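Asks: Supplied structure: work06.tsv, TSV, N, CA and C atoms.
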```
chain	number	residue	atom	x	y	z
A	321	MET	N	82.35	-62.12	-40.54
A	321	MET	CA	83.08	-62.83	-41.56
A	321	MET	C	83.07	-64.32	-41.30
A	322	LYS	N	83.27	-64.71	-40.02
A	322	LYS	CA	83.25	-66.13	-39.67
A	322	LYS	C	81.89	-66.75	-39.98
A	323	ARG	N	80.84	-65.96	-39.69
A	323	ARG	CA	79.48	-66.46	-39.95
A	323	ARG	C	79.27	-66.70	-41.44
A	324	LEU	N	79.71	-65.79	-42.28
A	324	LEU	CA	79.59	-65.95	-43.73
A	324	LEU	C	80.36	-67.18	-44.20
A	325	LEU	N	81.54	-67.37	-43.66
A	325	LEU	CA	82.36	-68.53	-44.01
A	325	LEU	C	81.66	-69.84	-43.63
A	326	LEU	N	81.03	-69.87	-42.45
A	326	LEU	CA	80.29	-71.05	-42.00
A	326	LEU	C	79.09	-71.34	-42.91
A	327	VAL	N	78.39	-70.30	-43.30
A	327	VAL	CA	77.24	-70.47	-44.19
A	327	VAL	C	77.69	-71.02	-45.54
A	328	VAL	N	78.74	-70.46	-46.10
A	328	VAL	CA	79.26	-70.92	-47.39
A	328	VAL	C	79.73	-72.38	-47.28
A	329	ALA	N	80.44	-72.70	-46.21
A	329	ALA	CA	80.91	-74.08	-46.01
A	329	ALA	C	79.74	-75.03	-45.86
A	330	GLY	N	78.72	-74.62	-45.13
A	330	GLY	CA	77.53	-75.46	-44.96
A	330	GLY	C	76.80	-75.70	-46.27
A	331	LEU	N	76.66	-74.66	-47.07
A	331	LEU	CA	76.02	-74.82	-48.38
A	331	LEU	C	76.83	-75.71	-49.30
A	332	ALA	N	78.15	-75.58	-49.26
A	332	ALA	CA	79.01	-76.43	-50.08
A	332	ALA	C	78.86	-77.89	-49.67
A	333	LEU	N	78.76	-78.14	-48.38
A	333	LEU	CA	78.59	-79.51	-47.89
A	333	LEU	C	77.25	-80.08	-48.34
A	334	LEU	N	76.18	-79.30	-48.22
A	334	LEU	CA	74.87	-79.76	-48.67
A	334	LEU	C	74.85	-80.06	-50.16
A	335	TRP	N	75.54	-79.28	-50.94
A	335	TRP	CA	75.62	-79.48	-52.38
A	335	TRP	C	76.42	-80.74	-52.71
A	336	ALA	N	77.47	-81.01	-51.96
A	336	ALA	CA	78.36	-82.14	-52.26
A	336	ALA	C	77.77	-83.48	-51.88
A	337	VAL	N	76.93	-83.55	-50.85
A	337	VAL	CA	76.39	-84.84	-50.39
A	337	VAL	C	75.63	-85.57	-51.49
A	338	PRO	N	74.68	-84.96	-52.22
A	338	PRO	CA	74.01	-85.69	-53.28
A	338	PRO	C	74.96	-86.16	-54.38
A	339	ALA	N	75.99	-85.40	-54.65
A	339	ALA	CA	76.94	-85.79	-55.69
A	339	ALA	C	77.69	-87.05	-55.30
A	340	VAL	N	77.99	-87.22	-54.04
A	340	VAL	CA	78.67	-88.42	-53.56
A	340	VAL	C	77.75	-89.63	-53.66
A	341	ALA	N	76.47	-89.46	-53.39
A	341	ALA	CA	75.53	-90.56	-53.39
A	341	ALA	C	75.22	-91.05	-54.80
A	342	HIS	N	75.36	-90.24	-55.81
A	342	HIS	CA	75.03	-90.61	-57.17
A	342	HIS	C	76.23	-91.28	-57.83
A	343	HIS	N	75.96	-92.06	-58.86
A	343	HIS	CA	77.01	-92.77	-59.57
A	343	HIS	C	76.74	-92.71	-61.06
A	344	SER	N	77.75	-92.97	-61.85
A	344	SER	CA	77.55	-93.04	-63.29
A	344	SER	C	77.15	-94.46	-63.67
A	345	PHE	N	76.56	-94.61	-64.83
A	345	PHE	CA	76.20	-95.94	-65.34
A	345	PHE	C	77.42	-96.85	-65.37
A	346	ALA	N	78.52	-96.37	-65.92
A	346	ALA	CA	79.73	-97.18	-66.11
A	346	ALA	C	80.35	-97.65	-64.80
A	347	ALA	N	80.07	-96.97	-63.70
A	347	ALA	CA	80.64	-97.37	-62.42
A	347	ALA	C	80.03	-98.68	-61.91
A	348	GLU	N	78.77	-98.96	-62.24
A	348	GLU	CA	78.10	-100.14	-61.70
A	348	GLU	C	77.61	-101.14	-62.73
A	349	PHE	N	77.39	-100.69	-63.98
A	349	PHE	CA	76.77	-101.56	-64.97
A	349	PHE	C	77.68	-101.76	-66.17
A	350	ASP	N	77.49	-102.88	-66.86
A	350	ASP	CA	78.36	-103.25	-67.98
A	350	ASP	C	77.61	-103.11	-69.30
A	351	ALA	N	77.98	-102.11	-70.09
A	351	ALA	CA	77.33	-101.86	-71.38
A	351	ALA	C	77.55	-103.02	-72.36
A	352	ALA	N	78.53	-103.87	-72.11
A	352	ALA	CA	78.79	-105.03	-72.97
A	352	ALA	C	77.95	-106.24	-72.57
A	353	LYS	N	77.11	-106.09	-71.53
A	353	LYS	CA	76.29	-107.21	-71.07
A	353	LYS	C	74.81	-106.83	-71.01
A	354	PRO	N	74.20	-106.65	-72.19
A	354	PRO	CA	72.76	-106.37	-72.20
A	354	PRO	C	71.99	-107.61	-71.75
A	355	ILE	N	70.82	-107.39	-71.19
A	355	ILE	CA	70.01	-108.49	-70.68
A	355	ILE	C	68.53	-108.18	-70.88
A	356	THR	N	67.75	-109.22	-71.13
A	356	THR	CA	66.30	-109.12	-71.18
A	356	THR	C	65.75	-110.04	-70.11
A	357	LEU	N	64.96	-109.50	-69.21
A	357	LEU	CA	64.39	-110.25	-68.10
A	357	LEU	C	62.87	-110.29	-68.22
A	358	LYS	N	62.30	-111.47	-68.08
A	358	LYS	CA	60.84	-111.62	-68.11
A	358	LYS	C	60.41	-112.15	-66.76
A	359	GLY	N	59.49	-111.44	-66.11
A	359	GLY	CA	59.05	-111.88	-64.79
A	359	GLY	C	57.86	-111.11	-64.28
A	360	LYS	N	57.60	-111.31	-63.00
A	360	LYS	CA	56.45	-110.70	-62.34
A	360	LYS	C	56.92	-109.59	-61.41
A	361	LEU	N	56.31	-108.43	-61.55
A	361	LEU	CA	56.66	-107.26	-60.73
A	361	LEU	C	56.28	-107.52	-59.27
A	362	THR	N	57.25	-107.40	-58.38
A	362	THR	CA	57.00	-107.64	-56.95
A	362	THR	C	57.04	-106.35	-56.13
A	363	LYS	N	57.70	-105.32	-56.66
A	363	LYS	CA	57.84	-104.08	-55.89
A	363	LYS	C	58.27	-102.95	-56.82
A	364	MET	N	57.79	-101.74	-56.55
A	364	MET	CA	58.23	-100.54	-57.26
A	364	MET	C	58.63	-99.53	-56.20
A	365	GLU	N	59.90	-99.12	-56.23
A	365	GLU	CA	60.38	-98.11	-55.29
A	365	GLU	C	60.55	-96.79	-56.03
A	366	TRP	N	59.84	-95.80	-55.61
A	366	TRP	CA	59.84	-94.48	-56.23
A	366	TRP	C	60.75	-93.61	-55.38
A	367	LEU	N	62.08	-93.79	-55.54
A	367	LEU	CA	63.08	-93.15	-54.69
A	367	LEU	C	64.03	-92.28	-55.50
A	368	ASN	N	64.70	-91.36	-54.81
A	368	ASN	CA	65.79	-90.60	-55.41
A	368	ASN	C	67.11	-91.21	-54.95
A	369	PRO	N	68.14	-91.24	-55.73
A	369	PRO	CA	68.23	-90.62	-57.04
A	369	PRO	C	67.71	-91.50	-58.18
A	370	HIS	N	67.31	-92.76	-57.89
A	370	HIS	CA	66.78	-93.66	-58.92
A	370	HIS	C	65.60	-94.43	-58.38
A	371	GLY	N	64.63	-94.67	-59.25
A	371	GLY	CA	63.55	-95.58	-58.91
A	371	GLY	C	64.05	-97.01	-59.11
A	372	TRP	N	63.36	-97.98	-58.50
A	372	TRP	CA	63.75	-99.39	-58.62
A	372	TRP	C	62.52	-100.24	-58.85
A	373	LEU	N	62.60	-101.12	-59.85
A	373	LEU	CA	61.61	-102.17	-60.06
A	373	LEU	C	62.22	-103.46	-59.51
A	374	HIS	N	61.41	-104.28	-58.89
A	374	HIS	CA	61.86	-105.59	-58.43
A	374	HIS	C	60.97	-106.62	-59.10
A	375	ILE	N	61.59	-107.59	-59.78
A	375	ILE	CA	60.81	-108.61	-60.48
A	375	ILE	C	61.33	-110.01	-60.15
A	376	ASP	N	60.39	-110.95	-60.04
A	376	ASP	CA	60.73	-112.35	-59.88
A	376	ASP	C	60.88	-112.97	-61.26
A	377	VAL	N	62.07	-113.51	-61.51
A	377	VAL	CA	62.38	-114.14	-62.80
A	377	VAL	C	62.60	-115.63	-62.55
A	378	THR	N	61.86	-116.47	-63.27
A	378	THR	CA	62.02	-117.91	-63.14
A	378	THR	C	63.14	-118.36	-64.08
A	379	GLN	N	64.17	-118.98	-63.52
A	379	GLN	CA	65.32	-119.47	-64.28
A	379	GLN	C	64.95	-120.78	-64.99
A	380	PRO	N	65.73	-121.20	-65.98
A	380	PRO	CA	65.44	-122.46	-66.68
A	380	PRO	C	65.35	-123.67	-65.75
A	381	ASP	N	66.06	-123.64	-64.62
A	381	ASP	CA	66.01	-124.76	-63.67
A	381	ASP	C	64.83	-124.67	-62.71
A	382	GLY	N	63.95	-123.66	-62.87
A	382	GLY	CA	62.78	-123.49	-62.03
A	382	GLY	C	62.99	-122.59	-60.83
A	383	LYS	N	64.23	-122.25	-60.53
A	383	LYS	CA	64.53	-121.38	-59.40
A	383	LYS	C	64.06	-119.95	-59.71
A	384	VAL	N	63.44	-119.31	-58.72
A	384	VAL	CA	62.97	-117.93	-58.89
A	384	VAL	C	63.99	-116.99	-58.26
A	385	VAL	N	64.44	-116.01	-59.04
A	385	VAL	CA	65.41	-115.03	-58.59
A	385	VAL	C	64.76	-113.65	-58.66
A	386	ASN	N	64.86	-112.89	-57.57
A	386	ASN	CA	64.33	-111.54	-57.55
A	386	ASN	C	65.40	-110.58	-58.04
A	387	TRP	N	65.13	-109.89	-59.15
A	387	TRP	CA	66.05	-108.93	-59.74
A	387	TRP	C	65.65	-107.52	-59.33
A	388	ALA	N	66.64	-106.68	-59.08
A	388	ALA	CA	66.45	-105.26	-58.80
A	388	ALA	C	66.85	-104.51	-60.06
A	389	ILE	N	65.93	-103.72	-60.59
A	389	ILE	CA	66.15	-102.99	-61.84
A	389	ILE	C	66.16	-101.50	-61.55
A	390	GLU	N	67.31	-100.87	-61.78
A	390	GLU	CA	67.41	-99.42	-61.57
A	390	GLU	C	66.73	-98.69	-62.72
A	391	ALA	N	65.94	-97.69	-62.37
A	391	ALA	CA	65.25	-96.85	-63.35
A	391	ALA	C	65.74	-95.41	-63.19
A	392	GLY	N	65.18	-94.53	-63.97
A	392	GLY	CA	65.51	-93.12	-63.84
A	392	GLY	C	64.96	-92.56	-62.54
A	393	ALA	N	65.30	-91.33	-62.25
A	393	ALA	CA	64.80	-90.65	-61.06
A	393	ALA	C	63.29	-90.46	-61.17
A	394	PRO	N	62.58	-90.46	-60.04
A	394	PRO	CA	61.13	-90.25	-60.09
A	394	PRO	C	60.72	-89.03	-60.90
A	395	ASN	N	61.47	-87.93	-60.77
A	395	ASN	CA	61.14	-86.72	-61.53
A	395	ASN	C	61.26	-86.96	-63.04
A	396	ALA	N	62.28	-87.71	-63.45
A	396	ALA	CA	62.44	-88.02	-64.87
A	396	ALA	C	61.31	-88.93	-65.35
A	397	LEU	N	60.92	-89.89	-64.53
A	397	LEU	CA	59.81	-90.78	-64.90
A	397	LEU	C	58.51	-89.99	-65.01
A	398	LEU	N	58.28	-89.07	-64.07
A	398	LEU	CA	57.08	-88.22	-64.12
A	398	LEU	C	57.05	-87.38	-65.39
A	399	ARG	N	58.21	-86.83	-65.78
A	399	ARG	CA	58.28	-86.01	-67.00
A	399	ARG	C	58.00	-86.83	-68.25
A	400	ARG	N	58.22	-88.14	-68.17
A	400	ARG	CA	57.89	-89.04	-69.29
A	400	ARG	C	56.43	-89.46	-69.26
A	401	GLY	N	55.69	-88.96	-68.26
A	401	GLY	CA	54.27	-89.29	-68.17
A	401	GLY	C	53.97	-90.51	-67.33
A	402	LEU	N	54.95	-91.03	-66.62
A	402	LEU	CA	54.74	-92.22	-65.80
A	402	LEU	C	54.34	-91.85	-64.39
A	403	ARG	N	53.56	-92.70	-63.78
A	403	ARG	CA	53.17	-92.54	-62.38
A	403	ARG	C	53.45	-93.86	-61.67
A	404	GLN	N	53.56	-93.82	-60.38
A	404	GLN	CA	53.81	-95.03	-59.61
A	404	GLN	C	52.68	-96.04	-59.85
A	405	THR	N	51.48	-95.55	-60.08
A	405	THR	CA	50.34	-96.44	-60.32
A	405	THR	C	50.41	-97.16	-61.66
A	406	ASP	N	51.33	-96.76	-62.54
A	406	ASP	CA	51.51	-97.45	-63.82
A	406	ASP	C	52.22	-98.79	-63.65
A	407	PHE	N	52.64	-99.11	-62.42
A	407	PHE	CA	53.41	-100.32	-62.15
A	407	PHE	C	52.68	-101.19	-61.12
A	408	PRO	N	51.54	-101.80	-61.49
A	408	PRO	CA	50.82	-102.62	-60.52
A	408	PRO	C	51.58	-103.90	-60.15
A	409	ILE	N	51.68	-104.16	-58.86
A	409	ILE	CA	52.35	-105.35	-58.37
A	409	ILE	C	51.65	-106.59	-58.93
A	410	GLY	N	52.45	-107.56	-59.34
A	410	GLY	CA	51.91	-108.79	-59.91
A	410	GLY	C	51.86	-108.79	-61.43
A	411	SER	N	52.12	-107.64	-62.05
A	411	SER	CA	52.10	-107.54	-63.51
A	411	SER	C	53.25	-108.33	-64.13
A	412	GLU	N	52.98	-108.99	-65.24
A	412	GLU	CA	54.03	-109.64	-66.02
A	412	GLU	C	54.73	-108.55	-66.84
A	413	VAL	N	56.06	-108.52	-66.77
A	413	VAL	CA	56.82	-107.49	-67.48
A	413	VAL	C	58.02	-108.11	-68.18
A	414	ILE	N	58.49	-107.40	-69.18
A	414	ILE	CA	59.76	-107.73	-69.85
A	414	ILE	C	60.62	-106.48	-69.74
A	415	VAL	N	61.76	-106.63	-69.10
A	415	VAL	CA	62.66	-105.50	-68.88
A	415	VAL	C	63.92	-105.71	-69.70
A	416	GLU	N	64.33	-104.70	-70.45
A	416	GLU	CA	65.60	-104.72	-71.14
A	416	GLU	C	66.53	-103.75	-70.44
A	417	GLY	N	67.79	-104.15	-70.33
A	417	GLY	CA	68.75	-103.30	-69.66
A	417	GLY	C	70.14	-103.89	-69.69
A	418	TYR	N	70.93	-103.60	-68.66
A	418	TYR	CA	72.33	-104.01	-68.60
A	418	TYR	C	72.65	-104.56	-67.23
A	419	ARG	N	73.37	-105.66	-67.19
A	419	ARG	CA	73.73	-106.34	-65.95
A	419	ARG	C	74.69	-105.52	-65.09
A	420	ALA	N	74.61	-105.75	-63.79
A	420	ALA	CA	75.55	-105.14	-62.86
A	420	ALA	C	76.92	-105.80	-63.02
A	421	LYS	N	77.96	-105.02	-62.84
A	421	LYS	CA	79.33	-105.54	-62.94
A	421	LYS	C	79.66	-106.52	-61.82
A	422	ASN	N	79.00	-106.37	-60.66
A	422	ASN	CA	79.35	-107.20	-59.50
A	422	ASN	C	78.71	-108.58	-59.51
A	423	GLY	N	77.92	-108.92	-60.54
A	423	GLY	CA	77.36	-110.25	-60.67
A	423	GLY	C	76.08	-110.50	-59.89
A	424	THR	N	75.60	-109.53	-59.15
A	424	THR	CA	74.34	-109.70	-58.41
A	424	THR	C	73.17	-109.61	-59.38
A	425	PRO	N	71.98	-110.07	-58.98
A	425	PRO	CA	70.81	-109.94	-59.85
A	425	PRO	C	70.28	-108.50	-59.84
A	426	THR	N	71.09	-107.63	-60.38
A	426	THR	CA	70.79	-106.20	-60.46
A	426	THR	C	71.07	-105.74	-61.87
A	427	ALA	N	70.23	-104.86	-62.39
A	427	ALA	CA	70.42	-104.35	-63.74
A	427	ALA	C	69.99	-102.89	-63.81
A	428	ASN	N	70.52	-102.20	-64.80
A	428	ASN	CA	70.07	-100.85	-65.12
A	428	ASN	C	69.05	-101.02	-66.23
A	429	GLY	N	67.82	-100.62	-65.98
A	429	GLY	CA	66.75	-100.83	-66.96
A	429	GLY	C	66.71	-99.76	-68.03
A	430	SER	N	66.52	-100.21	-69.27
A	430	SER	CA	66.31	-99.29	-70.38
A	430	SER	C	64.82	-99.14	-70.67
A	431	THR	N	64.13	-100.28	-70.79
A	431	THR	CA	62.70	-100.27	-71.07
A	431	THR	C	61.99	-101.34	-70.26
A	432	VAL	N	60.71	-101.13	-70.04
A	432	VAL	CA	59.84	-102.15	-69.45
A	432	VAL	C	58.60	-102.25	-70.32
A	433	LYS	N	58.23	-103.50	-70.65
A	433	LYS	CA	57.04	-103.73	-71.47
A	433	LYS	C	56.08	-104.60	-70.67
A	434	PHE	N	54.81	-104.18	-70.65
A	434	PHE	CA	53.77	-104.91	-69.94
A	434	PHE	C	53.03	-105.83	-70.91
A	435	ALA	N	52.34	-106.84	-70.36
A	435	ALA	CA	51.61	-107.82	-71.18
A	435	ALA	C	50.54	-107.15	-72.04
A	436	ASP	N	50.00	-106.01	-71.60
A	436	ASP	CA	48.96	-105.32	-72.37
A	436	ASP	C	49.54	-104.46	-73.50
A	437	GLY	N	50.88	-104.50	-73.67
A	437	GLY	CA	51.52	-103.78	-74.77
A	437	GLY	C	52.14	-102.45	-74.39
A	438	ARG	N	51.84	-101.95	-73.18
A	438	ARG	CA	52.46	-100.68	-72.76
A	438	ARG	C	53.96	-100.87	-72.67
A	439	ASN	N	54.71	-99.91	-73.19
A	439	ASN	CA	56.16	-99.99	-73.22
A	439	ASN	C	56.72	-98.65	-72.76
A	440	PHE	N	57.52	-98.66	-71.68
A	440	PHE	CA	58.02	-97.43	-71.09
A	440	PHE	C	59.54	-97.38	-71.12
A	441	PHE	N	60.08	-96.18	-71.34
A	441	PHE	CA	61.52	-95.95	-71.23
A	441	PHE	C	61.84	-95.74	-69.76
A	442	LEU	N	62.80	-96.50	-69.23
A	442	LEU	CA	63.17	-96.42	-67.82
A	442	LEU	C	64.51	-95.76	-67.58
A	443	GLY	N	65.37	-95.76	-68.59
A	443	GLY	CA	66.78	-95.49	-68.39
A	443	GLY	C	67.15	-94.10	-67.91
A	444	ALA	N	68.31	-94.07	-67.30
A	444	ALA	CA	68.93	-92.81	-66.94
A	444	ALA	C	69.57	-92.23	-68.20
A	445	SER	N	69.84	-90.96	-68.19
A	445	SER	CA	70.32	-90.28	-69.41
A	445	SER	C	71.68	-90.77	-69.88
A	446	ASP	N	72.54	-91.29	-68.99
A	446	ASP	CA	73.87	-91.69	-69.42
A	446	ASP	C	73.97	-93.18	-69.76
A	447	ALA	N	72.87	-93.93	-69.68
A	447	ALA	CA	72.89	-95.36	-69.98
A	447	ALA	C	72.71	-95.60	-71.47
A	448	PRO	N	73.42	-96.58	-72.05
A	448	PRO	CA	73.21	-96.92	-73.45
A	448	PRO	C	71.83	-97.56	-73.64
A	449	GLN	N	71.37	-97.72	-74.84
A	449	GLN	CA	70.07	-98.30	-75.12
A	449	GLN	C	70.22	-99.67	-75.76
A	450	GLY	N	69.21	-100.54	-75.55
A	450	GLY	CA	69.19	-101.88	-76.17
A	450	GLY	C	69.12	-102.95	-75.13
A	451	GLY	N	69.42	-104.18	-75.54
A	451	GLY	CA	69.39	-105.32	-74.65
A	451	GLY	C	68.96	-106.54	-75.40
A	452	THR	N	69.78	-107.62	-75.37
A	452	THR	CA	69.44	-108.78	-76.16
A	452	THR	C	69.49	-110.10	-75.40
A	453	GLU	N	70.30	-110.22	-74.37
A	453	GLU	CA	70.41	-111.49	-73.66
A	453	GLU	C	69.10	-111.82	-72.95
A	454	ARG	N	68.58	-113.03	-73.12
A	454	ARG	CA	67.30	-113.41	-72.52
A	454	ARG	C	67.53	-114.22	-71.25
A	455	ARG	N	66.71	-113.97	-70.25
A	455	ARG	CA	66.72	-114.75	-68.99
A	455	ARG	C	65.33	-115.21	-68.71
```
Translate the structure described by the file into structure tokens.

Replies:
Amino acid sequence: MKRLLLVVAGLALLWAVPAVAHHSFAAEFDAAKPITLKGKLTKMEWLNPHGWLHIDVTQPDGKVVNWAIEAGAPNALLRRGLRQTDFPIGSEVIVEGYRAKNGTPTANGSTVKFADGRNFFLGASDAPQGGTERR
């Protein structure tokens, strides 16, 4: 009986750990602050629970800021037909999404458009769609 209890407790712990690591859109991002970022792709992280694009955005004053853009999970991106190779480093991109509540150069991405016209949906299922503020 003790052994069964330990197994059940262990399985419950394994199930709970991913839930703690994940967050909702509203916990970190502001749906009232859409943003459009234009820049050069510097890194693509194909990680769970979310992929991340990193882009260098040149500000009006000439300063370059590296933005981290949260995307959907790699499995969700794969189901949309995307591969890690679809994001070549150095590509010019336009990302629409929503700013982080904490004011850092972080956003939840809705879409990414490449200079050649390719346009991909990046968002997680609970994120709103759109984006209008230009950077």

Asks: So that I can see what lies close to segment 413-427 of chain A, please list as a count of residues only the residues with an atom at most 5 Å from it, counting only N, CA and C atoms and leaving out residues fewer than 6 positions away in the same chain.

Replies: 18

Asks: Using only C-alpha atoms, determine which residues lie at most 9 Å from segment 391-404 of chain A, disregarding the query and same-chain residues fewer than 2 positions distant; provide the list as an MDAnalysis selection string.

Replies: chainID A and resid 364:373 389 406:408 428:431 440:445

Asks: Keeping only N, CA and C atoms, write those residues as a compact mmCIF listing (two decimals), in the frame of the given file.

Replies:
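File produced: selection-v6.txt:
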```txt
# COMPACT_ATOMS: atom_id res chain seq x y z
N MET A 364 57.79 -101.74 -56.55
CA MET A 364 58.23 -100.54 -57.26
C MET A 364 58.63 -99.53 -56.20
N GLU A 365 59.90 -99.12 -56.23
CA GLU A 365 60.38 -98.11 -55.29
C GLU A 365 60.55 -96.79 -56.03
N TRP A 366 59.84 -95.80 -55.61
CA TRP A 366 59.84 -94.48 -56.23
C TRP A 366 60.75 -93.61 -55.38
N LEU A 367 62.08 -93.79 -55.54
CA LEU A 367 63.08 -93.15 -54.69
C LEU A 367 64.03 -92.28 -55.50
N ASN A 368 64.70 -91.36 -54.81
CA ASN A 368 65.79 -90.60 -55.41
C ASN A 368 67.11 -91.21 -54.95
N PRO A 369 68.14 -91.24 -55.73
CA PRO A 369 68.23 -90.62 -57.04
C PRO A 369 67.71 -91.50 -58.18
N HIS A 370 67.31 -92.76 -57.89
CA HIS A 370 66.78 -93.66 -58.92
C HIS A 370 65.60 -94.43 -58.38
N GLY A 371 64.63 -94.67 -59.25
CA GLY A 371 63.55 -95.58 -58.91
C GLY A 371 64.05 -97.01 -59.11
N TRP A 372 63.36 -97.98 -58.50
CA TRP A 372 63.75 -99.39 -58.62
C TRP A 372 62.52 -100.24 -58.85
N LEU A 373 62.60 -101.12 -59.85
CA LEU A 373 61.61 -102.17 -60.06
C LEU A 373 62.22 -103.46 -59.51
N ILE A 389 65.93 -103.72 -60.59
CA ILE A 389 66.15 -102.99 -61.84
C ILE A 389 66.16 -101.50 -61.55
N ASP A 406 51.33 -96.76 -62.54
CA ASP A 406 51.51 -97.45 -63.82
C ASP A 406 52.22 -98.79 -63.65
N PHE A 407 52.64 -99.11 -62.42
CA PHE A 407 53.41 -100.32 -62.15
C PHE A 407 52.68 -101.19 -61.12
N PRO A 408 51.54 -101.80 -61.49
CA PRO A 408 50.82 -102.62 -60.52
C PRO A 408 51.58 -103.90 -60.15
N ASN A 428 70.52 -102.20 -64.80
CA ASN A 428 70.07 -100.85 -65.12
C ASN A 428 69.05 -101.02 -66.23
N GLY A 429 67.82 -100.62 -65.98
CA GLY A 429 66.75 -100.83 -66.96
C GLY A 429 66.71 -99.76 -68.03
N SER A 430 66.52 -100.21 -69.27
CA SER A 430 66.31 -99.29 -70.38
C SER A 430 64.82 -99.14 -70.67
N THR A 431 64.13 -100.28 -70.79
CA THR A 431 62.70 -100.27 -71.07
C THR A 431 61.99 -101.34 -70.26
N PHE A 440 57.52 -98.66 -71.68
CA PHE A 440 58.02 -97.43 -71.09
C PHE A 440 59.54 -97.38 -71.12
N PHE A 441 60.08 -96.18 -71.34
CA PHE A 441 61.52 -95.95 -71.23
C PHE A 441 61.84 -95.74 -69.76
N LEU A 442 62.80 -96.50 -69.23
CA LEU A 442 63.17 -96.42 -67.82
C LEU A 442 64.51 -95.76 -67.58
N GLY A 443 65.37 -95.76 -68.59
CA GLY A 443 66.78 -95.49 -68.39
C GLY A 443 67.15 -94.10 -67.91
N ALA A 444 68.31 -94.07 -67.30
CA ALA A 444 68.93 -92.81 -66.94
C ALA A 444 69.57 -92.23 -68.20
N SER A 445 69.84 -90.96 -68.19
CA SER A 445 70.32 -90.28 -69.41
C SER A 445 71.68 -90.77 -69.88
```

Asks: Just to confirm, what's the straight-line distance from atom CA of Gly382 of chain A to atom CA of Glu412 of chain A in Å (one decimal)?

Replies: 16.9 Å

Asks: Can you take the partial segment 422-434 of chain A, add N, CA, C and O atoms, and return it as a short mmCIF file (atom, residue, chain, number, x, y, z; two decimals), in the frame of the given file?

Replies:
```cif
data_model
loop_
_atom_site.label_atom_id
_atom_site.label_comp_id
_atom_site.auth_asym_id
_atom_site.auth_seq_id
_atom_site.Cartn_x
_atom_site.Cartn_y
_atom_site.Cartn_z
N ASN A 422 79.00 -106.37 -60.66
CA ASN A 422 79.35 -107.20 -59.50
C ASN A 422 78.71 -108.58 -59.51
O ASN A 422 78.90 -109.36 -58.58
N GLY A 423 77.92 -108.92 -60.54
CA GLY A 423 77.36 -110.25 -60.67
C GLY A 423 76.08 -110.50 -59.89
O GLY A 423 75.52 -111.59 -59.96
N THR A 424 75.60 -109.53 -59.15
CA THR A 424 74.34 -109.70 -58.41
C THR A 424 73.17 -109.61 -59.38
O THR A 424 73.31 -109.11 -60.49
N PRO A 425 71.98 -110.07 -58.98
CA PRO A 425 70.81 -109.94 -59.85
C PRO A 425 70.28 -108.50 -59.84
O PRO A 425 69.21 -108.20 -59.33
N THR A 426 71.09 -107.63 -60.38
CA THR A 426 70.79 -106.20 -60.46
C THR A 426 71.07 -105.74 -61.87
O THR A 426 72.03 -106.19 -62.50
N ALA A 427 70.23 -104.86 -62.39
CA ALA A 427 70.42 -104.35 -63.74
C ALA A 427 69.99 -102.89 -63.81
O ALA A 427 69.21 -102.42 -62.99
N ASN A 428 70.52 -102.20 -64.80
CA ASN A 428 70.07 -100.85 -65.12
C ASN A 428 69.05 -101.02 -66.23
O ASN A 428 69.37 -101.53 -67.30
N GLY A 429 67.82 -100.62 -65.98
CA GLY A 429 66.75 -100.83 -66.96
C GLY A 429 66.71 -99.76 -68.03
O GLY A 429 66.85 -98.57 -67.75
N SER A 430 66.52 -100.21 -69.27
CA SER A 430 66.31 -99.29 -70.38
C SER A 430 64.82 -99.14 -70.67
O SER A 430 64.32 -98.02 -70.78
N THR A 431 64.13 -100.28 -70.79
CA THR A 431 62.70 -100.27 -71.07
C THR A 431 61.99 -101.34 -70.26
O THR A 431 62.60 -102.33 -69.85
N VAL A 432 60.71 -101.13 -70.04
CA VAL A 432 59.84 -102.15 -69.45
C VAL A 432 58.60 -102.25 -70.32
O VAL A 432 58.02 -101.23 -70.70
N LYS A 433 58.23 -103.50 -70.65
CA LYS A 433 57.04 -103.73 -71.47
C LYS A 433 56.08 -104.60 -70.67
O LYS A 433 56.48 -105.61 -70.09
N PHE A 434 54.81 -104.18 -70.65
CA PHE A 434 53.77 -104.91 -69.94
C PHE A 434 53.03 -105.83 -70.91
O PHE A 434 53.04 -105.62 -72.12
#
```
